[in-house]
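Student: Here it is, the structure in full.
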Amino acid sequence: MLKLATEQDFKEFWPVFQSIVAAQETYAFDPEMRFEDGYSLWCVSPIKTFVFEGEDGSILGSYYIKANAMGPSNHICNCGYMVSENARGQGLARKMCEHSQNIALELGFEAMQFNSVVSTNEVAVKLWQKMGFEIIGTIPKAYRHKRLGYVDSYVMHKPLAR
């Protein structure tokens, strides 16, 4: 079940958030980030943040939605998604992305853009493409992958249906 995130929800999700960031494979966040900074980045700065709550009440995933830019470019939104390792492969990212597109439309956004999808994150790239996102640009060597060194990142975009 998707619901608006509370600070308590993020506290429960923090170990997952921290492990994903520390892995340095998908997010360009400081791997030494403290809880307060993570909470501010993921839950305070965005317009809305949601969590995916399992049947047992555990937090299995989370996403945020925010404007990708200000002023004349504020009609395009940006989202970030995280799924706990033990819940991967169950369609949570797809459900969160579908939900985020509906929320984006409710908020008046006309398109969604992912600014830096790490090219080696093949599962995410394929999922986003299946969901109608196109790679509109490649940023060479934009990400220092912990195991692979410098890898490309993609800019992915999708117009939202009205």
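To be explicit about the labels: the chains of the structure tokens are called A, B, and onward in the order shown, and within each one the residues are counted from 1, while ligands get numbers from 1 in the order they are shown.
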Please, which residues in range 34-102 of chain A fall within 12 Å of range 118-131 of chain A when counting only C-alpha atoms, and what is the closest atom pair and distance in Å to one decimal for each, ordered by chain then residue number, as a Markdown table?
Tutor:
```
| residue | atom | partner | partner_atom | distance |
| --- | --- | --- | --- | --- |
| A:Cys79 | CA | A:Trp128 | CA | 11.9 |
| A:Gly80 | CA | A:Ala124 | CA | 11.3 |
| A:Tyr81 | CA | A:Ala124 | CA | 9.8 |
| A:Met82 | CA | A:Ala124 | CA | 10.6 |
| A:Val83 | CA | A:Ala124 | CA | 11.2 |
| A:Arg88 | CA | A:Val123 | CA | 10.4 |
| A:Gly89 | CA | A:Val123 | CA | 9.6 |
| A:Gly91 | CA | A:Leu127 | CA | 9.9 |
| A:Leu92 | CA | A:Leu127 | CA | 11.2 |
| A:Ala93 | CA | A:Leu127 | CA | 8.4 |
| A:Arg94 | CA | A:Leu127 | CA | 7.3 |
| A:Lys95 | CA | A:Met131 | CA | 10.8 |
| A:Met96 | CA | A:Trp128 | CA | 11.6 |
| A:Cys97 | CA | A:Met131 | CA | 8.5 |
| A:Glu98 | CA | A:Met131 | CA | 8.4 |
| A:Gln101 | CA | A:Met131 | CA | 10.4 |
```
Student: Give me, as a Markdown table, each residue of range 51-111 of chain A that comes within 10 Å of range 16-19 of chain A, together with its shortest interatomic pair and the distance in Å at one decimal, counting only C-alpha atoms, with rows ordered by chain and rising residue number.
Tutor:
```
| residue | atom | partner | partner_atom | distance |
| --- | --- | --- | --- | --- |
| A:Ile59 | CA | A:Val16 | CA | 9.2 |
| A:Leu60 | CA | A:Val16 | CA | 8.6 |
| A:Gly61 | CA | A:Val16 | CA | 8.5 |
| A:Ser62 | CA | A:Phe17 | CA | 9.0 |
| A:Met82 | CA | A:Phe17 | CA | 7.2 |
| A:Val83 | CA | A:Val16 | CA | 7.8 |
| A:Ser84 | CA | A:Val16 | CA | 5.6 |
| A:Glu85 | CA | A:Val16 | CA | 7.7 |
| A:Asn86 | CA | A:Val16 | CA | 9.9 |
```
Student: Keeping only N, CA and C atoms, write the selected residues to a file as a short mmCIF file (atom, residue, chain, number, x, y, z; two decimals), in the first residue's frame.
Tutor:
```cif
data_model
loop_
_atom_site.label_atom_id
_atom_site.label_comp_id
_atom_site.auth_asym_id
_atom_site.auth_seq_id
_atom_site.Cartn_x
_atom_site.Cartn_y
_atom_site.Cartn_z
N ILE A 59 8.21 -1.00 5.86
CA ILE A 59 8.37 -0.09 4.73
C ILE A 59 9.29 -0.77 3.71
N LEU A 60 8.72 -1.09 2.54
CA LEU A 60 9.44 -1.85 1.52
C LEU A 60 10.05 -0.97 0.43
N GLY A 61 9.54 0.24 0.29
CA GLY A 61 10.04 1.14 -0.75
C GLY A 61 9.58 2.56 -0.48
N SER A 62 10.14 3.47 -1.26
CA SER A 62 9.78 4.87 -1.10
C SER A 62 10.09 5.62 -2.39
N MET A 82 13.31 4.05 -4.38
CA MET A 82 14.15 3.06 -3.72
C MET A 82 13.28 1.90 -3.26
N VAL A 83 13.80 0.69 -3.43
CA VAL A 83 13.10 -0.53 -2.99
C VAL A 83 14.08 -1.33 -2.14
N SER A 84 13.60 -1.84 -1.01
CA SER A 84 14.47 -2.64 -0.15
C SER A 84 14.90 -3.91 -0.89
N GLU A 85 16.08 -4.36 -0.58
CA GLU A 85 16.65 -5.51 -1.28
C GLU A 85 15.75 -6.74 -1.20
N ASN A 86 15.14 -6.97 -0.05
CA ASN A 86 14.30 -8.16 0.11
C ASN A 86 12.95 -8.05 -0.58
#
```
Student: Please tabulate, as CSV, the residues of range 94-156 of chain A that come within 8 Å of range 65-70 of chain A, each with its closest pair of atoms and the distance in Å to one decimal, counting only C-alpha atoms and ordering rows by chain, then residue number upward.
Tutor:
```
residue,atom,partner,partner_atom,distance
A:Ser100,CA,A:Ile65,CA,7.1
A:Ala104,CA,A:Ile65,CA,7.6
A:Gln113,CA,A:Asn68,CA,7.2
```
Student: Could those selected residues go to a file with all heavy atoms, as a CSV table (one decimal), in the first residue's frame?
Tutor:
```csv
chain,number,residue,atom,x,y,z
A,100,SER,N,3.4,7.5,-9.1
A,100,SER,CA,4.0,8.9,-9.2
A,100,SER,C,3.5,9.6,-10.4
A,100,SER,O,3.4,10.8,-10.4
A,100,SER,CB,5.5,8.8,-9.2
A,100,SER,OG,6.0,8.1,-10.3
A,104,ALA,N,1.8,13.1,-10.3
A,104,ALA,CA,2.3,14.2,-11.1
A,104,ALA,C,1.2,14.9,-11.9
A,104,ALA,O,1.2,16.2,-11.9
A,104,ALA,CB,3.4,13.6,-12.1
A,113,GLN,N,11.0,13.6,-15.8
A,113,GLN,CA,12.3,13.4,-16.2
A,113,GLN,C,13.2,12.9,-15.1
A,113,GLN,O,13.1,13.3,-14.0
A,113,GLN,CB,12.9,14.8,-16.7
A,113,GLN,CG,14.3,14.7,-17.2
A,113,GLN,CD,14.7,16.1,-17.8
A,113,GLN,OE1,14.0,16.6,-18.6
A,113,GLN,NE2,15.9,16.6,-17.4
```
Student: For Leu160 in chain A, which of A:Tyr39, A:Phe133, A:Phe114, A:Tyr143 is the closest residue, counting only C-alpha atoms?
Tutor: A:Phe133
Student: What is the CA of Val117 in chain A to CA of Val151 in chain A distance in Å?
Tutor: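 Value for the CA of Val117 in chain A-CA of Val151 in chain A distance: 10.6 Å.
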Student: Just list the residues in chain A DSSP gives strand (DSSP E) on the backbone, as number ranges by chain.
Tutor: A: 2-4, 48-53, 59-67, 76-83, 111-118, 134-145, 149-159
Student: Which of these, A:Asp37, A:Ala161, A:Lys141, A:Thr6, has the shortest distance to Glu106 in chain A once you count only C-alpha atoms?
Tutor: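 Smallest separation from Glu106 in chain A among the options: A:Ala161.
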Student: With a distance cut-off of 6 Å and only C-alpha atoms, select the neighbouring residues of Ile76 in chain A, excluding the residue or stretch itself and same-chain residues fewer than 6 positions from it, and output the selection as a VMD selection string.
Tutor: chain A and resid 68 109 to 112
Student: Store the residues picked out above in a file with N, CA, C and O atoms, as a compact mmCIF listing (two decimals), in the first residue's frame.
Tutor:
```
# COMPACT_ATOMS: atom_id res chain seq x y z
N ASN A 68 11.37 19.44 -11.43
CA ASN A 68 12.73 19.21 -11.91
C ASN A 68 13.53 20.51 -11.94
O ASN A 68 14.74 20.49 -11.77
N PHE A 109 1.82 18.56 -13.36
CA PHE A 109 3.03 18.36 -14.18
C PHE A 109 2.64 17.79 -15.55
O PHE A 109 1.67 17.04 -15.67
N GLU A 110 3.43 18.13 -16.56
CA GLU A 110 3.16 17.69 -17.92
C GLU A 110 4.14 16.63 -18.41
O GLU A 110 3.89 16.00 -19.45
N ALA A 111 5.23 16.45 -17.70
CA ALA A 111 6.23 15.45 -18.09
C ALA A 111 7.02 15.05 -16.86
O ALA A 111 6.99 15.74 -15.83
N MET A 112 7.71 13.93 -16.98
CA MET A 112 8.57 13.43 -15.91
C MET A 112 9.95 13.19 -16.50
O MET A 112 10.07 12.67 -17.61
```
Student: Check the smallest atom-to-atom distance from each of A:His75, A:Lys146, A:Lys48, A:Lys3 to Ile20 in chain A using only C-alpha atoms, then report the winner.
Tutor: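 Of all the options, A:Lys146 lies closest to Ile20 in chain A.
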Student: Apply DSSP to the backbone of this structure and, from range 5-161 of chain A, keep only the residues in alpha helix (DSSP H); write these as a compact mmCIF listing (two decimals) with N, CA, C and O atoms, in the first residue's frame.
Tutor:
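File written: part-v2.txt
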```
# COMPACT_ATOMS: atom_id res chain seq x y z
N GLU A 7 7.83 11.11 9.15
CA GLU A 7 9.21 11.01 9.61
C GLU A 7 9.48 9.63 10.20
O GLU A 7 10.56 9.06 10.01
N GLN A 8 8.51 9.06 10.90
CA GLN A 8 8.66 7.72 11.45
C GLN A 8 8.84 6.68 10.34
O GLN A 8 9.66 5.77 10.47
N ASP A 9 8.09 6.81 9.27
CA ASP A 9 8.25 5.91 8.13
C ASP A 9 9.68 5.98 7.60
O ASP A 9 10.30 4.96 7.29
N PHE A 10 10.20 7.22 7.47
CA PHE A 10 11.56 7.36 6.95
C PHE A 10 12.57 6.77 7.93
O PHE A 10 13.56 6.18 7.50
N LYS A 11 12.32 6.92 9.22
CA LYS A 11 13.22 6.31 10.21
C LYS A 11 13.26 4.80 10.01
O LYS A 11 14.34 4.19 10.08
N GLU A 12 12.12 4.20 9.76
CA GLU A 12 12.07 2.75 9.52
C GLU A 12 12.76 2.39 8.20
O GLU A 12 13.37 1.33 8.09
N PHE A 13 12.66 3.27 7.22
CA PHE A 13 13.25 3.02 5.90
C PHE A 13 14.73 3.38 5.86
O PHE A 13 15.45 2.96 4.95
N TRP A 14 15.20 4.14 6.82
CA TRP A 14 16.57 4.65 6.82
C TRP A 14 17.63 3.57 6.57
O TRP A 14 18.55 3.80 5.75
N PRO A 15 17.59 2.40 7.19
CA PRO A 15 18.63 1.39 6.90
C PRO A 15 18.67 1.00 5.42
O PRO A 15 19.76 0.79 4.86
N VAL A 16 17.52 0.93 4.77
CA VAL A 16 17.48 0.62 3.34
C VAL A 16 18.07 1.78 2.55
O VAL A 16 18.93 1.59 1.68
N PHE A 17 17.62 2.99 2.85
CA PHE A 17 18.13 4.20 2.20
C PHE A 17 19.65 4.25 2.33
O PHE A 17 20.37 4.43 1.34
N GLN A 18 20.12 4.08 3.55
CA GLN A 18 21.55 4.16 3.84
C GLN A 18 22.34 3.10 3.07
O GLN A 18 23.40 3.39 2.51
N SER A 19 21.83 1.88 2.99
CA SER A 19 22.57 0.82 2.29
C SER A 19 22.60 1.08 0.78
O SER A 19 23.62 0.81 0.14
N ILE A 20 21.52 1.59 0.22
CA ILE A 20 21.50 1.91 -1.22
C ILE A 20 22.49 3.02 -1.52
O ILE A 20 23.26 2.94 -2.48
N VAL A 21 22.50 4.06 -0.70
CA VAL A 21 23.42 5.17 -0.92
C VAL A 21 24.87 4.73 -0.72
O VAL A 21 25.75 5.06 -1.51
N ALA A 22 25.11 3.93 0.32
CA ALA A 22 26.48 3.47 0.60
C ALA A 22 27.02 2.55 -0.48
O ALA A 22 28.23 2.50 -0.71
N ALA A 23 26.14 1.83 -1.17
CA ALA A 23 26.59 0.93 -2.23
C ALA A 23 27.21 1.68 -3.41
O ALA A 23 28.03 1.14 -4.14
N PHE A 35 21.31 10.87 8.96
CA PHE A 35 19.85 10.73 8.88
C PHE A 35 19.18 12.06 8.57
O PHE A 35 18.31 12.14 7.70
N GLU A 36 19.56 13.12 9.28
CA GLU A 36 18.91 14.42 9.12
C GLU A 36 19.03 14.92 7.68
O GLU A 36 18.08 15.47 7.12
N ASP A 37 20.21 14.72 7.09
CA ASP A 37 20.41 15.16 5.71
C ASP A 37 19.60 14.30 4.74
O ASP A 37 19.03 14.81 3.77
N GLY A 38 19.56 13.00 4.99
CA GLY A 38 18.77 12.10 4.15
C GLY A 38 17.29 12.43 4.23
O GLY A 38 16.59 12.47 3.21
N TYR A 39 16.82 12.67 5.43
CA TYR A 39 15.41 13.00 5.62
C TYR A 39 15.06 14.31 4.90
O TYR A 39 14.04 14.41 4.22
N LEU A 92 7.35 -3.56 -7.16
CA LEU A 92 7.15 -2.35 -6.36
C LEU A 92 7.58 -1.09 -7.10
O LEU A 92 6.89 -0.07 -7.03
N ALA A 93 8.72 -1.14 -7.78
CA ALA A 93 9.19 0.04 -8.51
C ALA A 93 8.18 0.43 -9.57
O ALA A 93 7.89 1.61 -9.75
N ARG A 94 7.65 -0.54 -10.28
CA ARG A 94 6.62 -0.27 -11.30
C ARG A 94 5.40 0.38 -10.65
O ARG A 94 4.89 1.39 -11.15
N LYS A 95 4.94 -0.18 -9.54
CA LYS A 95 3.75 0.37 -8.86
C LYS A 95 4.02 1.80 -8.39
O LYS A 95 3.16 2.68 -8.51
N MET A 96 5.22 2.04 -7.84
CA MET A 96 5.54 3.39 -7.38
C MET A 96 5.64 4.35 -8.55
O MET A 96 5.17 5.49 -8.46
N CYS A 97 6.21 3.90 -9.67
CA CYS A 97 6.32 4.78 -10.83
C CYS A 97 4.94 5.09 -11.41
O CYS A 97 4.67 6.24 -11.76
N GLU A 98 4.06 4.10 -11.50
CA GLU A 98 2.70 4.35 -11.97
C GLU A 98 1.99 5.34 -11.05
O GLU A 98 1.35 6.29 -11.50
N HIS A 99 2.13 5.12 -9.74
CA HIS A 99 1.52 6.00 -8.75
C HIS A 99 2.07 7.41 -8.90
O HIS A 99 1.30 8.40 -8.89
N SER A 100 3.39 7.53 -9.06
CA SER A 100 4.01 8.86 -9.16
C SER A 100 3.54 9.61 -10.39
O SER A 100 3.38 10.84 -10.36
N GLN A 101 3.27 8.90 -11.48
CA GLN A 101 2.77 9.58 -12.68
C GLN A 101 1.36 10.12 -12.45
O GLN A 101 1.04 11.22 -12.91
N ASN A 102 0.54 9.37 -11.74
CA ASN A 102 -0.80 9.86 -11.40
C ASN A 102 -0.72 11.07 -10.48
O ASN A 102 -1.45 12.05 -10.67
N ILE A 103 0.16 11.00 -9.50
CA ILE A 103 0.35 12.14 -8.58
C ILE A 103 0.87 13.34 -9.36
O ILE A 103 0.42 14.48 -9.15
N ALA A 104 1.79 13.11 -10.28
CA ALA A 104 2.34 14.20 -11.10
C ALA A 104 1.24 14.91 -11.86
O ALA A 104 1.20 16.15 -11.90
N LEU A 105 0.34 14.14 -12.45
CA LEU A 105 -0.78 14.75 -13.17
C LEU A 105 -1.68 15.54 -12.23
O LEU A 105 -2.10 16.65 -12.57
N GLU A 106 -1.95 14.99 -11.05
CA GLU A 106 -2.77 15.70 -10.06
C GLU A 106 -2.13 17.02 -9.67
O GLU A 106 -2.82 18.01 -9.40
N GLU A 122 20.80 -1.64 -15.08
CA GLU A 122 20.05 -2.15 -16.23
C GLU A 122 18.60 -2.47 -15.90
O GLU A 122 17.72 -2.28 -16.74
N VAL A 123 18.34 -2.96 -14.69
CA VAL A 123 16.96 -3.28 -14.31
C VAL A 123 16.10 -2.01 -14.36
O VAL A 123 15.00 -2.03 -14.91
N ALA A 124 16.60 -0.93 -13.79
CA ALA A 124 15.85 0.33 -13.79
C ALA A 124 15.71 0.87 -15.21
O ALA A 124 14.61 1.29 -15.60
N VAL A 125 16.77 0.88 -15.97
CA VAL A 125 16.72 1.41 -17.34
C VAL A 125 15.66 0.67 -18.15
O VAL A 125 14.82 1.28 -18.81
N LYS A 126 15.66 -0.66 -18.07
CA LYS A 126 14.68 -1.45 -18.83
C LYS A 126 13.26 -1.19 -18.34
O LYS A 126 12.34 -1.08 -19.15
N LEU A 127 13.08 -1.09 -17.03
CA LEU A 127 11.75 -0.82 -16.49
C LEU A 127 11.24 0.53 -16.97
O LEU A 127 10.11 0.66 -17.44
N TRP A 128 12.08 1.56 -16.85
CA TRP A 128 11.63 2.90 -17.26
C TRP A 128 11.30 2.91 -18.75
O TRP A 128 10.32 3.53 -19.16
N GLN A 129 12.10 2.20 -19.55
CA GLN A 129 11.80 2.15 -20.99
C GLN A 129 10.47 1.43 -21.24
O GLN A 129 9.68 1.88 -22.07
N LYS A 130 10.21 0.34 -20.53
CA LYS A 130 8.93 -0.37 -20.68
C LYS A 130 7.76 0.54 -20.30
O LYS A 130 6.66 0.39 -20.83
```
Student: Mind checking which residues fall within 6 Å of Thr49 in chain A, counting only C-alpha atoms, ignoring those fewer than 4 positions away in the same chain, and posting them as a ChimeraX atom specification?
Tutor: /A:4-5,43,63-64
Student: Which residues, written as a list in words, have at least one atom at most 8 Å from His145 in chain A, with only C-alpha atoms counted and residues fewer than 2 positions away on the same chain left out?
Tutor: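 My list of contacting residues is Gln24, Glu25, Thr26, Tyr143, Arg147, Leu148, Gly149, Tyr150 and Val151 of chain A.
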Student: For a test of reading the model, state the distance in Å between CA of Pro46 in chain A and CA of Glu32 in chain A, rounded to one decimal.
Tutor: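 For CA of Pro46 in chain A relative to CA of Glu32 in chain A, the distance reads 21.0 Å.
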